[in-house]
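> Handing you a structure now.
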Amino acid sequence: MSLKLTEAVVRRGAFRLAADFEIPTDGISVVFGPSGAGKSMLLAMIAGLHRLETGRVVFNGAVLEDAGARTRVGAHARGIGLVFQDARLFPHRTVRGNIAYAERRLPAARNAQIVVEIARRLEIEQLLDRPVRNLSGGERSRVALARAIVSAPEMLLLDEPFAALDGRRRRAFVTLLRDLSREQSLPMMIVTHQVEEAAELADHVVAVKAGRVIGSGAAADVMRRADFAELLDRRDAGARVDAKAVAGGQGGGVWVRADSVLLAAEEPRGISARNVWRGRVAAIVREADGAVLVSLDTDAGYISSRITPEALSDLRLEEGSTAWAVVKSHAL
Amino acid sequence: MVRAMLTPEEIQILATSLGVAGRAVLFSMPVAIAFAWALSRPKFPGKWIVDAVAHLPLVLPPVLVGYFLLLLFGVRGPFGSWLREAFGIQLAFTAEGAALATAVMAFPLMVRAIRLSFEATDRGLFEAAAVLRAGPWDRFWSMALPLAWPGVLAGAVTAFAAGLGEFGAVITFASNVEGQTQTLPLAIYSALQVPDGEETALRLAAISMTAAVTGLVLAELLQHWARRRLEA
């Protein structure tokens, strides 16, 4: 069971997106990359909203589109759901009407109860009879998600689902998506440009840069690659650590920013930080502005720390030497 | 109240006018929706022909439109003779004919209003419907038409108001038969042809103006409502 794109190319005006990758259709895949890289276009390509110029898309063994053979399954017949960044609720229908639109088009008749159940799960019951124009950004996101889930897709694509949410609601929504994906056995593909969200949600990662998919695979592998690091802002530089290795860690992984990691040359004692990892210095990279990025190979995986050149000489660290990485739980 | 203010003849004329304009709108609405939908789509081969056909009645002299209709739908015209033999329907010189002539003349107005409404609809909503398993026809009926409905209604009202005043095409194709094809403008014209007809003409003009202005106000209100409704 996989989603496979083979030399797939779509063009919109001057922008061209080329994708060639295969990922398993289970759990959550994150499409990661900077703004304007073509992440949304990748979702539209998979959902069937943009016609392929060349290449093919195969989903769980079925050919959805093959430009060479002129085969094309329409967006409405792919069984792939898509939650747009701007929700795109139907303005001439109430919240209930929006969700019922999806329900009425299910291939096999399903229990109407599902609308109420999903509404309860997403905490939008009290909104059901409201017109959609008065909803807040967060409410719109949840209604759009409810509508998409009710349409019972075999895979659900979500474009920046957290964009309209503030910090606390964002956290809750991340957890909700992870739970829903598991409860409904619904594979999801989520676009984000926030590396923390990517680390937390992703089982698999598809990395996109300047109109090209540059890498895909298991989150732990892709997020460790050098070309993945190049996608990040300077302040986002860091490493993905398995959530199990982190005190209070949630989800699949945690992104540990290099700026929030302290280094110690000796084992620290009697300190408040909950996360202390012993490791061997794997690499020391001097950045353009003089700061130094030190990578430690620890039991929790690679962890990097950004320190000053003075700190580096005080600690007398060099490749191969032993050091301890220290992170406050609240910094994660 | 209407009875107290208008003479039986005037009521007859008004009824003929409303009937002709009403049927004209009913005839042309489905065709206008189809044309408007086609014209609101991105470029397709032959689009300029569809566009030209839709706008032709706007630039042709109405008398010419009436004459063309006479050539096509007259008793000896290709469509006219077929309609008569197959269904026993005669259009030339009848109220139905007046409605057809009015429909053709009002067609561009209707297409324009509906097309604007289709074009104002957010295409993204169609994509959202598509990924919820709605096919192309389904999207037209469940999204495009309901969202454009206020525009369709406004187009119909504008066409109706304009239809009340159609003269050249109607008199050429359907003639000026009292009680059958004599609509308001035709009756005004007749009144002006007889001596002392000025008072009759003025009264009919007032009725005509009232009907037209009512139509315009209604259309404006509908447009306003449409804009508010489409703001999500």
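Residue names in the structure tokens use chain letters A, B, ... in the order shown, residue numbers from 1 in each chain, and ligand numbers from 1 in the order shown.
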As a VMD selection string, please: all residues of stretch 51-211 of chain A that backbone DSSP puts in alpha helix (DSSP H).
chain A and resid 95 to 104 113 to 121 137 to 150 167 to 183 195 to 201
> So that I can check the surroundings of B:Glu198, please list as a PyMOL selection string every protein, DNA and RNA residue that reaches within 9 Å of it, counting only C-alpha atoms and ignoring chain neighbours fewer than 6 positions away.
chain B and resi 188+191-192
> Save out the residues we just selected, N, CA and C atoms, as a compact mmCIF listing (two decimals), in the first residue's frame.

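For reference, out-v2.txt as written:
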```txt
# COMPACT_ATOMS: atom_id res chain seq x y z
N ILE B 188 -48.89 52.13 -27.42
CA ILE B 188 -48.53 53.55 -27.42
C ILE B 188 -48.36 54.03 -28.87
N ALA B 191 -51.72 54.37 -30.46
CA ALA B 191 -52.45 55.53 -29.94
C ALA B 191 -51.95 56.81 -30.59
N LEU B 192 -50.64 56.85 -30.84
CA LEU B 192 -50.07 58.06 -31.44
C LEU B 192 -50.45 58.20 -32.91
```
> List the spatial neighbours of B:Gly163 as an MDAnalysis selection string - criterion: any atom at most 7 Å away, only C-alpha atoms, same-chain residues fewer than 6 positions off excluded.
chainID B and resid 21 102 106
> Using only C-alpha atoms, find which residues of chain A lie within 6 Å of chain B and jot them down as a list in words.
Ala75, His76, Gly81, Arg88, Pro91, Ala102, Arg133 and Ser151 of chain A
> Taking only C-alpha atoms into account, name the residue in B:Pro45, B:Pro195, B:Gln182, B:Arg227 that is nearest to B:Gln12.
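Counting only C-alpha atoms, the residue closest to B:Gln12 is B:Gln182.
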> Figure out the distance between atom CA of A:Asp259 and atom CA of A:Thr308, please, to one decimal in Å.
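Between atom CA of A:Thr308 and atom CA of A:Asp259 the gap is 10.8 Å.
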> Point out the residue among B:Val25, B:Leu222, B:Val65, B:Ile114 with the least atom-to-atom distance to B:Leu164, counting only C-alpha atoms.
B:Val25
> Between B:Leu153, B:Ile89, B:Met5, B:Ala206, which has the minimum distance to B:Met110 (counting only C-alpha atoms)?
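Counting only C-alpha atoms, the residue closest to B:Met110 is B:Leu153.
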> Can you pull out every residue within 7 Å of stretch 10-14 of chain A, counting only C-alpha atoms, but drop anything in the same chain fewer than 4 positions away, and send it as a list of chain:residue names?
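What passes the distance filter is A:Ala18, A:His50, A:Arg51, A:Leu52, A:Glu53.
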> Quote the spacing between atom CA of A:Ser321 and atom CA of A:Leu232 in Å to one decimal place.
27.4 Å
> Using only C-alpha atoms, which residues sit within 9 Å of A:Val292 once same-chain residues fewer than 3 positions away are excluded, as a ChimeraX atom specification?
/A:284-287,289,305-309,312
